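One file, input-v9.pdb, carrying PDB, N, CA and C atoms:
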ATOM      1  N   MET A 143       0.703 -16.549 -13.640
ATOM      2  CA  MET A 143      -0.139 -16.417 -12.474
ATOM      3  C   MET A 143      -0.807 -15.041 -12.503
ATOM      4  N   THR A 144      -2.105 -14.997 -12.388
ATOM      5  CA  THR A 144      -2.844 -13.753 -12.392
ATOM      6  C   THR A 144      -3.102 -13.319 -10.958
ATOM      7  N   ILE A 145      -2.807 -12.072 -10.677
ATOM      8  CA  ILE A 145      -3.047 -11.527  -9.352
ATOM      9  C   ILE A 145      -4.163 -10.507  -9.461
ATOM     10  N   THR A 146      -5.202 -10.685  -8.660
ATOM     11  CA  THR A 146      -6.298  -9.745  -8.627
ATOM     12  C   THR A 146      -5.925  -8.603  -7.699
ATOM     13  N   VAL A 147      -6.134  -7.390  -8.162
ATOM     14  CA  VAL A 147      -5.808  -6.222  -7.344
ATOM     15  C   VAL A 147      -6.951  -5.981  -6.370
ATOM     16  N   ASP A 148      -6.618  -5.879  -5.101
ATOM     17  CA  ASP A 148      -7.582  -5.666  -4.031
ATOM     18  C   ASP A 148      -7.688  -4.160  -3.767
ATOM     19  N   ASP A 149      -8.773  -3.548  -4.247
ATOM     20  CA  ASP A 149      -8.933  -2.105  -4.106
ATOM     21  C   ASP A 149      -8.987  -1.644  -2.654
ATOM     22  N   ASP A 150      -9.609  -2.438  -1.771
ATOM     23  CA  ASP A 150      -9.672  -2.065  -0.356
ATOM     24  C   ASP A 150      -8.271  -2.037   0.259
ATOM     25  N   LEU A 151      -7.475  -3.022  -0.110
ATOM     26  CA  LEU A 151      -6.099  -3.088   0.382
ATOM     27  C   LEU A 151      -5.326  -1.850  -0.057
ATOM     28  N   TRP A 152      -5.453  -1.491  -1.348
ATOM     29  CA  TRP A 152      -4.692  -0.353  -1.859
ATOM     30  C   TRP A 152      -5.251   0.975  -1.385
ATOM     31  N   SER A 153      -6.524   1.016  -1.093
ATOM     32  CA  SER A 153      -7.102   2.218  -0.502
ATOM     33  C   SER A 153      -6.504   2.428   0.893
ATOM     34  N   ALA A 154      -6.359   1.343   1.633
ATOM     35  CA  ALA A 154      -5.766   1.433   2.975
ATOM     36  C   ALA A 154      -4.310   1.866   2.899
ATOM     37  N   ILE A 155      -3.569   1.311   1.971
ATOM     38  CA  ILE A 155      -2.146   1.642   1.827
ATOM     39  C   ILE A 155      -1.957   3.035   1.232
ATOM     40  N   GLY A 156      -2.970   3.517   0.532
ATOM     41  CA  GLY A 156      -2.867   4.817  -0.132
ATOM     42  C   GLY A 156      -2.725   5.994   0.810
ATOM     43  N   ASP A 157      -3.081   5.819   2.053
ATOM     44  CA  ASP A 157      -2.989   6.914   3.017
ATOM     45  C   ASP A 157      -1.560   7.012   3.563
ATOM     46  N   PRO A 158      -0.953   8.212   3.477
ATOM     47  CA  PRO A 158       0.438   8.353   3.933
ATOM     48  C   PRO A 158       0.631   8.056   5.420
ATOM     49  N   THR A 159      -0.332   8.385   6.247
ATOM     50  CA  THR A 159      -0.200   8.095   7.680
ATOM     51  C   THR A 159      -0.182   6.595   7.910
ATOM     52  N   ARG A 160      -1.028   5.870   7.212
ATOM     53  CA  ARG A 160      -1.040   4.410   7.378
ATOM     54  C   ARG A 160       0.246   3.783   6.854
ATOM     55  N   ARG A 161       0.782   4.317   5.764
ATOM     56  CA  ARG A 161       2.068   3.789   5.269
ATOM     57  C   ARG A 161       3.163   4.024   6.306
ATOM     58  N   ARG A 162       3.157   5.194   6.911
ATOM     59  CA  ARG A 162       4.161   5.505   7.950
ATOM     60  C   ARG A 162       3.980   4.565   9.144
ATOM     61  N   MET A 163       2.722   4.289   9.482
ATOM     62  CA  MET A 163       2.463   3.369  10.596
ATOM     63  C   MET A 163       2.999   1.975  10.279
ATOM     64  N   LEU A 164       2.797   1.517   9.056
ATOM     65  CA  LEU A 164       3.344   0.212   8.664
ATOM     66  C   LEU A 164       4.864   0.209   8.785
ATOM     67  N   ASP A 165       5.505   1.299   8.338
ATOM     68  CA  ASP A 165       6.963   1.406   8.471
ATOM     69  C   ASP A 165       7.385   1.297   9.931
ATOM     70  N   LEU A 166       6.682   2.030  10.799
ATOM     71  CA  LEU A 166       7.022   2.019  12.228
ATOM     72  C   LEU A 166       6.790   0.644  12.840
ATOM     73  N   LEU A 167       5.699  -0.004  12.475
ATOM     74  CA  LEU A 167       5.423  -1.344  13.001
ATOM     75  C   LEU A 167       6.479  -2.342  12.548
ATOM     76  N   LEU A 168       6.901  -2.234  11.300
ATOM     77  CA  LEU A 168       7.941  -3.136  10.797
ATOM     78  C   LEU A 168       9.275  -2.870  11.472
ATOM     79  N   ALA A 169       9.626  -1.593  11.625
ATOM     80  CA  ALA A 169      10.919  -1.237  12.225
ATOM     81  C   ALA A 169      10.971  -1.577  13.703
ATOM     82  N   GLY A 170       9.831  -1.436  14.385
ATOM     83  CA  GLY A 170       9.808  -1.653  15.829
ATOM     84  C   GLY A 170       9.301  -3.012  16.242
ATOM     85  N   ASP A 171       9.118  -3.908  15.294
ATOM     86  CA  ASP A 171       8.587  -5.236  15.581
ATOM     87  C   ASP A 171       7.248  -5.143  16.297
ATOM     88  N   GLY A 172       6.382  -4.275  15.769
ATOM     89  CA  GLY A 172       5.040  -4.129  16.317
ATOM     90  C   GLY A 172       4.911  -2.886  17.171
ATOM     91  N   GLY A 173       3.685  -2.653  17.632
ATOM     92  CA  GLY A 173       3.453  -1.502  18.491
ATOM     93  C   GLY A 173       1.982  -1.383  18.842
ATOM     94  N   THR A 174       1.694  -0.434  19.717
ATOM     95  CA  THR A 174       0.331  -0.156  20.149
ATOM     96  C   THR A 174      -0.089   1.205  19.607
ATOM     97  N   ALA A 175      -1.372   1.520  19.737
ATOM     98  CA  ALA A 175      -1.854   2.833  19.304
ATOM     99  C   ALA A 175      -1.113   3.938  20.053
ATOM    100  N   THR A 176      -0.855   3.720  21.328
ATOM    101  CA  THR A 176      -0.151   4.723  22.126
ATOM    102  C   THR A 176       1.288   4.897  21.652
ATOM    103  N   SER A 177       1.996   3.787  21.455
ATOM    104  CA  SER A 177       3.402   3.901  21.039
ATOM    105  C   SER A 177       3.513   4.521  19.649
ATOM    106  N   LEU A 178       2.572   4.217  18.774
ATOM    107  CA  LEU A 178       2.606   4.809  17.438
ATOM    108  C   LEU A 178       2.270   6.302  17.483
ATOM    109  N   SER A 179       1.297   6.671  18.319
ATOM    110  CA  SER A 179       0.903   8.091  18.389
ATOM    111  C   SER A 179       2.042   8.953  18.922
ATOM    112  N   GLU A 180       2.936   8.375  19.697
ATOM    113  CA  GLU A 180       4.093   9.116  20.200
ATOM    114  C   GLU A 180       5.100   9.417  19.098
ATOM    115  N   GLN A 181       4.998   8.688  17.979
ATOM    116  CA  GLN A 181       5.943   8.857  16.877
ATOM    117  C   GLN A 181       5.324   9.530  15.660
ATOM    118  N   LEU A 182       4.037   9.850  15.752
ATOM    119  CA  LEU A 182       3.319  10.428  14.620
ATOM    120  C   LEU A 182       2.642  11.740  15.031
ATOM    121  N   PRO A 183       2.395  12.610  14.072
ATOM    122  CA  PRO A 183       1.762  13.890  14.389
ATOM    123  C   PRO A 183       0.226  13.797  14.423
ATOM    124  N   VAL A 184      -0.298  12.687  14.943
ATOM    125  CA  VAL A 184      -1.742  12.507  15.066
ATOM    126  C   VAL A 184      -2.057  11.967  16.458
ATOM    127  N   THR A 185      -3.311  12.081  16.853
ATOM    128  CA  THR A 185      -3.717  11.625  18.180
ATOM    129  C   THR A 185      -3.770  10.108  18.256
ATOM    130  N   ARG A 186      -3.817   9.619  19.477
ATOM    131  CA  ARG A 186      -3.955   8.184  19.702
ATOM    132  C   ARG A 186      -5.250   7.678  19.083
ATOM    133  N   GLN A 187      -6.315   8.463  19.194
ATOM    134  CA  GLN A 187      -7.604   8.066  18.627
ATOM    135  C   GLN A 187      -7.511   7.948  17.102
ATOM    136  N   ALA A 188      -6.811   8.871  16.469
ATOM    137  CA  ALA A 188      -6.630   8.803  15.017
ATOM    138  C   ALA A 188      -5.817   7.572  14.642
ATOM    139  N   VAL A 189      -4.782   7.288  15.417
ATOM    140  CA  VAL A 189      -3.967   6.092  15.167
ATOM    141  C   VAL A 189      -4.830   4.839  15.292
ATOM    142  N   ALA A 190      -5.677   4.799  16.320
ATOM    143  CA  ALA A 190      -6.545   3.632  16.520
ATOM    144  C   ALA A 190      -7.470   3.440  15.307
ATOM    145  N   LYS A 191      -7.989   4.528  14.760
ATOM    146  CA  LYS A 191      -8.851   4.428  13.582
ATOM    147  C   LYS A 191      -8.068   3.916  12.370
ATOM    148  N   HIS A 192      -6.848   4.418  12.191
ATOM    149  CA  HIS A 192      -6.003   3.947  11.089
ATOM    150  C   HIS A 192      -5.667   2.462  11.267
ATOM    151  N   LEU A 193      -5.370   2.058  12.497
ATOM    152  CA  LEU A 193      -5.080   0.648  12.756
ATOM    153  C   LEU A 193      -6.290  -0.232  12.441
ATOM    154  N   ALA A 194      -7.480   0.267  12.728
ATOM    155  CA  ALA A 194      -8.700  -0.489  12.424
ATOM    156  C   ALA A 194      -8.826  -0.716  10.922
ATOM    157  N   VAL A 195      -8.475   0.290  10.130
ATOM    158  CA  VAL A 195      -8.517   0.144   8.662
ATOM    159  C   VAL A 195      -7.492  -0.894   8.222
ATOM    160  N   LEU A 196      -6.280  -0.794   8.739
ATOM    161  CA  LEU A 196      -5.229  -1.752   8.373
ATOM    162  C   LEU A 196      -5.592  -3.166   8.811
ATOM    163  N   ASP A 197      -6.233  -3.277   9.959
ATOM    164  CA  ASP A 197      -6.665  -4.576  10.466
ATOM    165  C   ASP A 197      -7.771  -5.156   9.580
ATOM    166  N   ARG A 198      -8.693  -4.322   9.163
ATOM    167  CA  ARG A 198      -9.822  -4.772   8.338
ATOM    168  C   ARG A 198      -9.351  -5.386   7.009
ATOM    169  N   VAL A 199      -8.275  -4.832   6.434
ATOM    170  CA  VAL A 199      -7.766  -5.372   5.168
ATOM    171  C   VAL A 199      -6.692  -6.437   5.378
ATOM    172  N   GLY A 200      -6.413  -6.747   6.640
ATOM    173  CA  GLY A 200      -5.489  -7.837   6.947
ATOM    174  C   GLY A 200      -4.017  -7.484   6.960
ATOM    175  N   LEU A 201      -3.688  -6.197   6.882
ATOM    176  CA  LEU A 201      -2.266  -5.819   6.883
ATOM    177  C   LEU A 201      -1.647  -5.873   8.274
ATOM    178  N   VAL A 202      -2.460  -5.726   9.297
ATOM    179  CA  VAL A 202      -1.969  -5.868  10.667
ATOM    180  C   VAL A 202      -2.905  -6.792  11.423
ATOM    181  N   GLN A 203      -2.369  -7.365  12.481
ATOM    182  CA  GLN A 203      -3.172  -8.183  13.381
ATOM    183  C   GLN A 203      -2.910  -7.714  14.794
ATOM    184  N   GLY A 204      -4.002  -7.476  15.520
ATOM    185  CA  GLY A 204      -3.867  -7.011  16.895
ATOM    186  C   GLY A 204      -4.131  -8.124  17.879
ATOM    187  N   THR A 205      -3.331  -8.121  18.942
ATOM    188  CA  THR A 205      -3.538  -9.070  20.044
ATOM    189  C   THR A 205      -3.575  -8.275  21.335
ATOM    190  N   PRO A 206      -4.383  -8.714  22.308
ATOM    191  CA  PRO A 206      -4.461  -7.990  23.584
ATOM    192  C   PRO A 206      -3.091  -7.902  24.253
ATOM    193  N   ALA A 207      -2.798  -6.707  24.772
ATOM    194  CA  ALA A 207      -1.549  -6.478  25.519
ATOM    195  C   ALA A 207      -1.894  -5.544  26.672
ATOM    196  N   GLY A 208      -2.346  -6.112  27.765
ATOM    197  CA  GLY A 208      -2.788  -5.283  28.891
ATOM    198  C   GLY A 208      -4.076  -4.565  28.513
ATOM    199  N   ARG A 209      -4.097  -3.243  28.692
ATOM    200  CA  ARG A 209      -5.289  -2.457  28.359
ATOM    201  C   ARG A 209      -5.334  -2.071  26.886
ATOM    202  N   GLU A 210      -4.297  -2.383  26.149
ATOM    203  CA  GLU A 210      -4.234  -2.020  24.734
ATOM    204  C   GLU A 210      -4.147  -3.271  23.870
ATOM    205  N   ARG A 211      -4.012  -3.036  22.584
ATOM    206  CA  ARG A 211      -3.753  -4.108  21.626
ATOM    207  C   ARG A 211      -2.392  -3.850  21.005
ATOM    208  N   ARG A 212      -1.639  -4.899  20.850
ATOM    209  CA  ARG A 212      -0.332  -4.811  20.183
ATOM    210  C   ARG A 212      -0.522  -5.283  18.750
ATOM    211  N   TYR A 213      -0.074  -4.468  17.826
ATOM    212  CA  TYR A 213      -0.262  -4.757  16.401
ATOM    213  C   TYR A 213       1.053  -5.177  15.761
ATOM    214  N   LEU A 214       0.944  -6.188  14.925
ATOM    215  CA  LEU A 214       2.066  -6.656  14.114
ATOM    216  C   LEU A 214       1.629  -6.656  12.660
ATOM    217  N   VAL A 215       2.574  -6.402  11.770
ATOM    218  CA  VAL A 215       2.283  -6.452  10.345
ATOM    219  C   VAL A 215       2.156  -7.909   9.933
ATOM    220  N   ASP A 216       1.142  -8.204   9.135
ATOM    221  CA  ASP A 216       0.951  -9.550   8.597
ATOM    222  C   ASP A 216       1.847  -9.672   7.363
ATOM    223  N   ASP A 217       2.929 -10.413   7.501
ATOM    224  CA  ASP A 217       3.921 -10.537   6.428
ATOM    225  C   ASP A 217       3.319 -11.105   5.144
ATOM    226  N   GLU A 218       2.404 -12.050   5.283
ATOM    227  CA  GLU A 218       1.784 -12.671   4.110
ATOM    228  C   GLU A 218       0.955 -11.651   3.327
ATOM    229  N   GLN A 219       0.172 -10.865   4.040
ATOM    230  CA  GLN A 219      -0.665  -9.869   3.369
ATOM    231  C   GLN A 219       0.209  -8.757   2.769
ATOM    232  N   LEU A 220       1.279  -8.402   3.442
ATOM    233  CA  LEU A 220       2.200  -7.399   2.902
ATOM    234  C   LEU A 220       2.863  -7.921   1.629
ATOM    235  N   ALA A 221       3.225  -9.194   1.617
ATOM    236  CA  ALA A 221       3.809  -9.800   0.412
ATOM    237  C   ALA A 221       2.784  -9.818  -0.718
ATOM    238  N   ARG A 222       1.528 -10.069  -0.369
ATOM    239  CA  ARG A 222       0.452 -10.045  -1.374
ATOM    240  C   ARG A 222       0.328  -8.648  -1.971
ATOM    241  N   ALA A 223       0.407  -7.637  -1.119
ATOM    242  CA  ALA A 223       0.330  -6.249  -1.596
ATOM    243  C   ALA A 223       1.510  -5.940  -2.514
ATOM    244  N   ALA A 224       2.699  -6.396  -2.139
ATOM    245  CA  ALA A 224       3.884  -6.161  -2.972
ATOM    246  C   ALA A 224       3.748  -6.851  -4.322
ATOM    247  N   ALA A 225       3.191  -8.059  -4.331
ATOM    248  CA  ALA A 225       2.990  -8.778  -5.588
ATOM    249  C   ALA A 225       1.985  -8.044  -6.473
ATOM    250  N   GLN A 226       0.941  -7.518  -5.855
ATOM    251  CA  GLN A 226      -0.046  -6.752  -6.616
ATOM    252  C   GLN A 226       0.598  -5.504  -7.215
ATOM    253  N   LEU A 227       1.411  -4.824  -6.429
ATOM    254  CA  LEU A 227       2.084  -3.618  -6.910
ATOM    255  C   LEU A 227       2.996  -3.951  -8.083
ATOM    256  N   SER A 228       3.696  -5.052  -7.989
ATOM    257  CA  SER A 228       4.573  -5.487  -9.073
ATOM    258  C   SER A 228       3.773  -5.763 -10.343
ATOM    259  N   THR A 229       2.629  -6.426 -10.188
ATOM    260  CA  THR A 229       1.776  -6.730 -11.336
ATOM    261  C   THR A 229       1.239  -5.444 -11.958
ATOM    262  N   VAL A 230       0.753  -4.546 -11.135
ATOM    263  CA  VAL A 230       0.223  -3.275 -11.639
ATOM    264  C   VAL A 230       1.337  -2.493 -12.339
ATOM    265  N   GLY A 231       2.532  -2.480 -11.742
ATOM    266  CA  GLY A 231       3.664  -1.783 -12.357
ATOM    267  C   GLY A 231       4.018  -2.369 -13.714
ATOM    268  N   ALA A 232       4.044  -3.697 -13.815
ATOM    269  CA  ALA A 232       4.363  -4.343 -15.089
ATOM    270  C   ALA A 232       3.300  -4.044 -16.138
ATOM    271  N   THR A 233       2.043  -4.013 -15.720
ATOM    272  CA  THR A 233       0.949  -3.696 -16.645
ATOM    273  C   THR A 233       1.096  -2.277 -17.175
ATOM    274  N   TRP A 234       1.386  -1.342 -16.292
ATOM    275  CA  TRP A 234       1.555   0.050 -16.729
ATOM    276  C   TRP A 234       2.798   0.225 -17.582
ATOM    277  N   ASP A 235       3.872  -0.498 -17.268
ATOM    278  CA  ASP A 235       5.071  -0.438 -18.113
ATOM    279  C   ASP A 235       4.738  -0.879 -19.534
ATOM    280  N   ALA A 236       3.963  -1.970 -19.657
ATOM    281  CA  ALA A 236       3.573  -2.462 -20.985
ATOM    282  C   ALA A 236       2.701  -1.435 -21.705
ATOM    283  N   ARG A 237       1.786  -0.813 -20.987
ATOM    284  CA  ARG A 237       0.931   0.215 -21.595
ATOM    285  C   ARG A 237       1.762   1.398 -22.079
ATOM    286  N   LEU A 238       2.693   1.819 -21.261
ATOM    287  CA  LEU A 238       3.538   2.951 -21.642
ATOM    288  C   LEU A 238       4.410   2.624 -22.853
ATOM    289  N   ARG A 239       4.898   1.380 -22.941
ATOM    290  CA  ARG A 239       5.673   0.974 -24.122
ATOM    291  C   ARG A 239       4.812   1.037 -25.380
ATOM    292  N   ARG A 240       3.553   0.581 -25.279
ATOM    293  CA  ARG A 240       2.640   0.645 -26.433
ATOM    294  C   ARG A 240       2.364   2.096 -26.819
ATOM    295  N   ILE A 241       2.139   2.948 -25.846
ATOM    296  CA  ILE A 241       1.889   4.368 -26.133
ATOM    297  C   ILE A 241       3.103   4.982 -26.825
ATOM    298  N   LYS A 242       4.291   4.635 -26.342
ATOM    299  CA  LYS A 242       5.517   5.163 -26.949
ATOM    300  C   LYS A 242       5.638   4.705 -28.401
ATOM    301  N   ARG A 243       5.366   3.419 -28.659
ATOM    302  CA  ARG A 243       5.436   2.915 -30.038
ATOM    303  C   ARG A 243       4.441   3.637 -30.943
ATOM    304  N   ILE A 244       3.236   3.861 -30.456
ATOM    305  CA  ILE A 244       2.217   4.576 -31.241
ATOM    306  C   ILE A 244       2.675   6.006 -31.518
ATOM    307  N   ALA A 245       3.162   6.680 -30.488
ATOM    308  CA  ALA A 245       3.622   8.064 -30.659
ATOM    309  C   ALA A 245       4.782   8.141 -31.643
ATOM    310  N   GLU A 246       5.708   7.189 -31.563
ATOM    311  CA  GLU A 246       6.837   7.175 -32.491
ATOM    312  C   GLU A 246       6.368   6.911 -33.921
ATOM    313  N   ALA A 247       5.386   6.016 -34.100
ATOM    314  CA  ALA A 247       4.850   5.734 -35.431
ATOM    315  C   ALA A 247       4.155   6.972 -35.997
ATOM    316  N   ILE A 248       3.425   7.689 -35.191
ATOM    317  CA  ILE A 248       2.764   8.922 -35.632
ATOM    318  C   ILE A 248       3.811   9.948 -36.040
ATOM    319  N   GLN A 249       4.857  10.069 -35.240
ATOM    320  CA  GLN A 249       5.928  11.027 -35.540
ATOM    321  C   GLN A 249       6.614  10.673 -36.848
ATOM    322  N   ARG A 250       6.881   9.384 -37.080
ATOM    323  CA  ARG A 250       7.525   8.960 -38.318
ATOM    324  C   ARG A 250       6.652   9.301 -39.530
ATOM    325  N   ARG A 251       5.344   9.068 -39.401
ATOM    326  CA  ARG A 251       4.418   9.395 -40.505
ATOM    327  C   ARG A 251       4.419  10.898 -40.790
ATOM    328  N   LYS A 252       4.496  11.712 -39.764
ATOM    329  CA  LYS A 252       4.490  13.174 -39.952
ATOM    330  C   LYS A 252       5.783  13.622 -40.662
ATOM    331  N   GLU A 253       6.867  12.918 -40.383
ATOM    332  CA  GLU A 253       8.159  13.310 -40.955
ATOM    333  C   GLU A 253       8.302  12.848 -42.399
ATOM    334  N   GLN A 254       7.476  11.971 -42.873
ATOM    335  CA  GLN A 254       7.583  11.441 -44.246
ATOM    336  C   GLN A 254       7.039  12.396 -45.254
TER     337      GLN A 254
END

Structure encoded using structure tokens:
Amino acid sequence: MTITVDDDLWSAIGDPTRRRMLDLLLAGDGGTATSLSEQLPVTRQAVAKHLAVLDRVGLVQGTPAGRERRYLVDDEQLARAAAQLSTVGATWDARLRRIKRIAEAIQRRKEQ
């Protein structure tokens, strides 16, 4: 099975604040921009912008909750991201093994 890597998804996950927000949403079974900003060293407005990025790539889904939106992590999209990471990791492992074999062959030739 071939998995296409979604650059927008990984760009969104690449930000440490957004990764922390995902952790908090998973641990707390969701949250709002206000509840997340109380746990992070950024403003509510910054949290709202980060949530918009996560929402755009499908990692979270917001539903109205009074005057705010309550966000939950989309388990399916998170699983897709994990599968992509696994594929990318396996690809790099294979590349590193090839590089190691080449380097070892060069070293053996130098020692002869």

Report as a PDB file with N, CA and C atoms, in the coordinates of the input the residues that result from applying the PyMOL selection byres ((chain A and resi 199) around 8) to the structure here.
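Saved as result_29.pdb:
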ATOM      1  N   ASP A 150      -9.609  -2.438  -1.771  1.00  0.00           N
ATOM      2  CA  ASP A 150      -9.672  -2.065  -0.356  1.00  0.00           C
ATOM      3  C   ASP A 150      -8.271  -2.037   0.259  1.00  0.00           C
ATOM      4  N   LEU A 151      -7.475  -3.022  -0.110  1.00  0.00           N
ATOM      5  CA  LEU A 151      -6.099  -3.088   0.382  1.00  0.00           C
ATOM      6  C   LEU A 151      -5.326  -1.850  -0.057  1.00  0.00           C
ATOM      7  N   TRP A 152      -5.453  -1.491  -1.348  1.00  0.00           N
ATOM      8  CA  TRP A 152      -4.692  -0.353  -1.859  1.00  0.00           C
ATOM      9  C   TRP A 152      -5.251   0.975  -1.385  1.00  0.00           C
ATOM     10  N   ALA A 154      -6.359   1.343   1.633  1.00  0.00           N
ATOM     11  CA  ALA A 154      -5.766   1.433   2.975  1.00  0.00           C
ATOM     12  C   ALA A 154      -4.310   1.866   2.899  1.00  0.00           C
ATOM     13  N   LEU A 193      -5.370   2.058  12.497  1.00  0.00           N
ATOM     14  CA  LEU A 193      -5.080   0.648  12.756  1.00  0.00           C
ATOM     15  C   LEU A 193      -6.290  -0.232  12.441  1.00  0.00           C
ATOM     16  N   ALA A 194      -7.480   0.267  12.728  1.00  0.00           N
ATOM     17  CA  ALA A 194      -8.700  -0.489  12.424  1.00  0.00           C
ATOM     18  C   ALA A 194      -8.826  -0.716  10.922  1.00  0.00           C
ATOM     19  N   VAL A 195      -8.475   0.290  10.130  1.00  0.00           N
ATOM     20  CA  VAL A 195      -8.517   0.144   8.662  1.00  0.00           C
ATOM     21  C   VAL A 195      -7.492  -0.894   8.222  1.00  0.00           C
ATOM     22  N   LEU A 196      -6.280  -0.794   8.739  1.00  0.00           N
ATOM     23  CA  LEU A 196      -5.229  -1.752   8.373  1.00  0.00           C
ATOM     24  C   LEU A 196      -5.592  -3.166   8.811  1.00  0.00           C
ATOM     25  N   ASP A 197      -6.233  -3.277   9.959  1.00  0.00           N
ATOM     26  CA  ASP A 197      -6.665  -4.576  10.466  1.00  0.00           C
ATOM     27  C   ASP A 197      -7.771  -5.156   9.580  1.00  0.00           C
ATOM     28  N   ARG A 198      -8.693  -4.322   9.163  1.00  0.00           N
ATOM     29  CA  ARG A 198      -9.822  -4.772   8.338  1.00  0.00           C
ATOM     30  C   ARG A 198      -9.351  -5.386   7.009  1.00  0.00           C
ATOM     31  N   GLY A 200      -6.413  -6.747   6.640  1.00  0.00           N
ATOM     32  CA  GLY A 200      -5.489  -7.837   6.947  1.00  0.00           C
ATOM     33  C   GLY A 200      -4.017  -7.484   6.960  1.00  0.00           C
ATOM     34  N   LEU A 201      -3.688  -6.197   6.882  1.00  0.00           N
ATOM     35  CA  LEU A 201      -2.266  -5.819   6.883  1.00  0.00           C
ATOM     36  C   LEU A 201      -1.647  -5.873   8.274  1.00  0.00           C
ATOM     37  N   VAL A 202      -2.460  -5.726   9.297  1.00  0.00           N
ATOM     38  CA  VAL A 202      -1.969  -5.868  10.667  1.00  0.00           C
ATOM     39  C   VAL A 202      -2.905  -6.792  11.423  1.00  0.00           C
ATOM     40  N   GLN A 219       0.172 -10.865   4.040  1.00  0.00           N
ATOM     41  CA  GLN A 219      -0.665  -9.869   3.369  1.00  0.00           C
ATOM     42  C   GLN A 219       0.209  -8.757   2.769  1.00  0.00           C
TER      43      GLN A 219
END

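Minimum atom-to-atom distances from A:Arg222, A:Asp149, A:Leu178, A:Thr185 to Met163 in chain A were compared using all atoms listed in the file, and the lowest value belongs to A:Leu178.
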
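Separating atom N of Arg186 in chain A from atom N of Leu214 in chain A is a distance of 17.1 Å.
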
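Around Val184 in chain A, within 12 Å and counting only C-alpha atoms, the residues found are A:Thr159, A:Arg160, A:Arg162, A:Met163, A:Ala175, A:Thr176, A:Ser177, A:Leu178, A:Ser179, A:Glu180, A:Ala188, A:Val189, A:Ala190, A:Lys191, A:His192, once anything fewer than 4 positions away on its own chain is removed.
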
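One distance worth recording is that between CA of Arg212 in chain A and atom C of Leu182 in chain A, which is 17.6 Å.
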
Calculate how many Å separate atom N of Ala225 in chain A from CA of Pro206 in chain A, rounding to one decimal.
28.9 Å

Ranking A:Leu238, A:Asp157, A:Glu210, A:Leu220 by minimum distance to Thr174 in chain A and counting only N, CA and C atoms, which one comes first?
A:Glu210

Quick one: pick out all strand (DSSP E) residues within chain A from a backbone DSSP run and write them as a VMD selection string.
chain A and resid 202 to 207 210 to 215

DSSP on the backbone: which residues in chain A end up as alpha helix (DSSP H)? Give the answer as number ranges by chain.
A: 149-155, 158-169, 175-179, 186-198, 217-253

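The shortest atom-to-atom distance to Leu167 in chain A, with only C-alpha atoms taken into account, belongs to A:Tyr213 out of A:Arg250, A:Ser153, A:Tyr213, A:Ile244.
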
Can I get range 177-186 of chain A with N, CA, C and O atoms filled in, as a CSV table (one decimal), in the coordinates of the input?
chain,number,residue,atom,x,y,z
A,177,SER,N,2.0,3.8,21.5
A,177,SER,CA,3.4,3.9,21.0
A,177,SER,C,3.5,4.5,19.6
A,177,SER,O,4.4,5.3,19.4
A,178,LEU,N,2.6,4.2,18.8
A,178,LEU,CA,2.6,4.8,17.4
A,178,LEU,C,2.3,6.3,17.5
A,178,LEU,O,2.9,7.1,16.8
A,179,SER,N,1.3,6.7,18.3
A,179,SER,CA,0.9,8.1,18.4
A,179,SER,C,2.0,9.0,18.9
A,179,SER,O,2.1,10.1,18.6
A,180,GLU,N,2.9,8.4,19.7
A,180,GLU,CA,4.1,9.1,20.2
A,180,GLU,C,5.1,9.4,19.1
A,180,GLU,O,5.9,10.3,19.2
A,181,GLN,N,5.0,8.7,18.0
A,181,GLN,CA,5.9,8.9,16.9
A,181,GLN,C,5.3,9.5,15.7
A,181,GLN,O,6.0,9.7,14.7
A,182,LEU,N,4.0,9.8,15.8
A,182,LEU,CA,3.3,10.4,14.6
A,182,LEU,C,2.6,11.7,15.0
A,182,LEU,O,2.3,11.9,16.2
A,183,PRO,N,2.4,12.6,14.1
A,183,PRO,CA,1.8,13.9,14.4
A,183,PRO,C,0.2,13.8,14.4
A,183,PRO,O,-0.5,14.7,14.0
A,184,VAL,N,-0.3,12.7,14.9
A,184,VAL,CA,-1.7,12.5,15.1
A,184,VAL,C,-2.1,12.0,16.5
A,184,VAL,O,-1.2,11.4,17.1
A,185,THR,N,-3.3,12.1,16.9
A,185,THR,CA,-3.7,11.6,18.2
A,185,THR,C,-3.8,10.1,18.3
A,185,THR,O,-3.8,9.4,17.2
A,186,ARG,N,-3.8,9.6,19.5
A,186,ARG,CA,-4.0,8.2,19.7
A,186,ARG,C,-5.2,7.7,19.1
A,186,ARG,O,-5.3,6.6,18.5
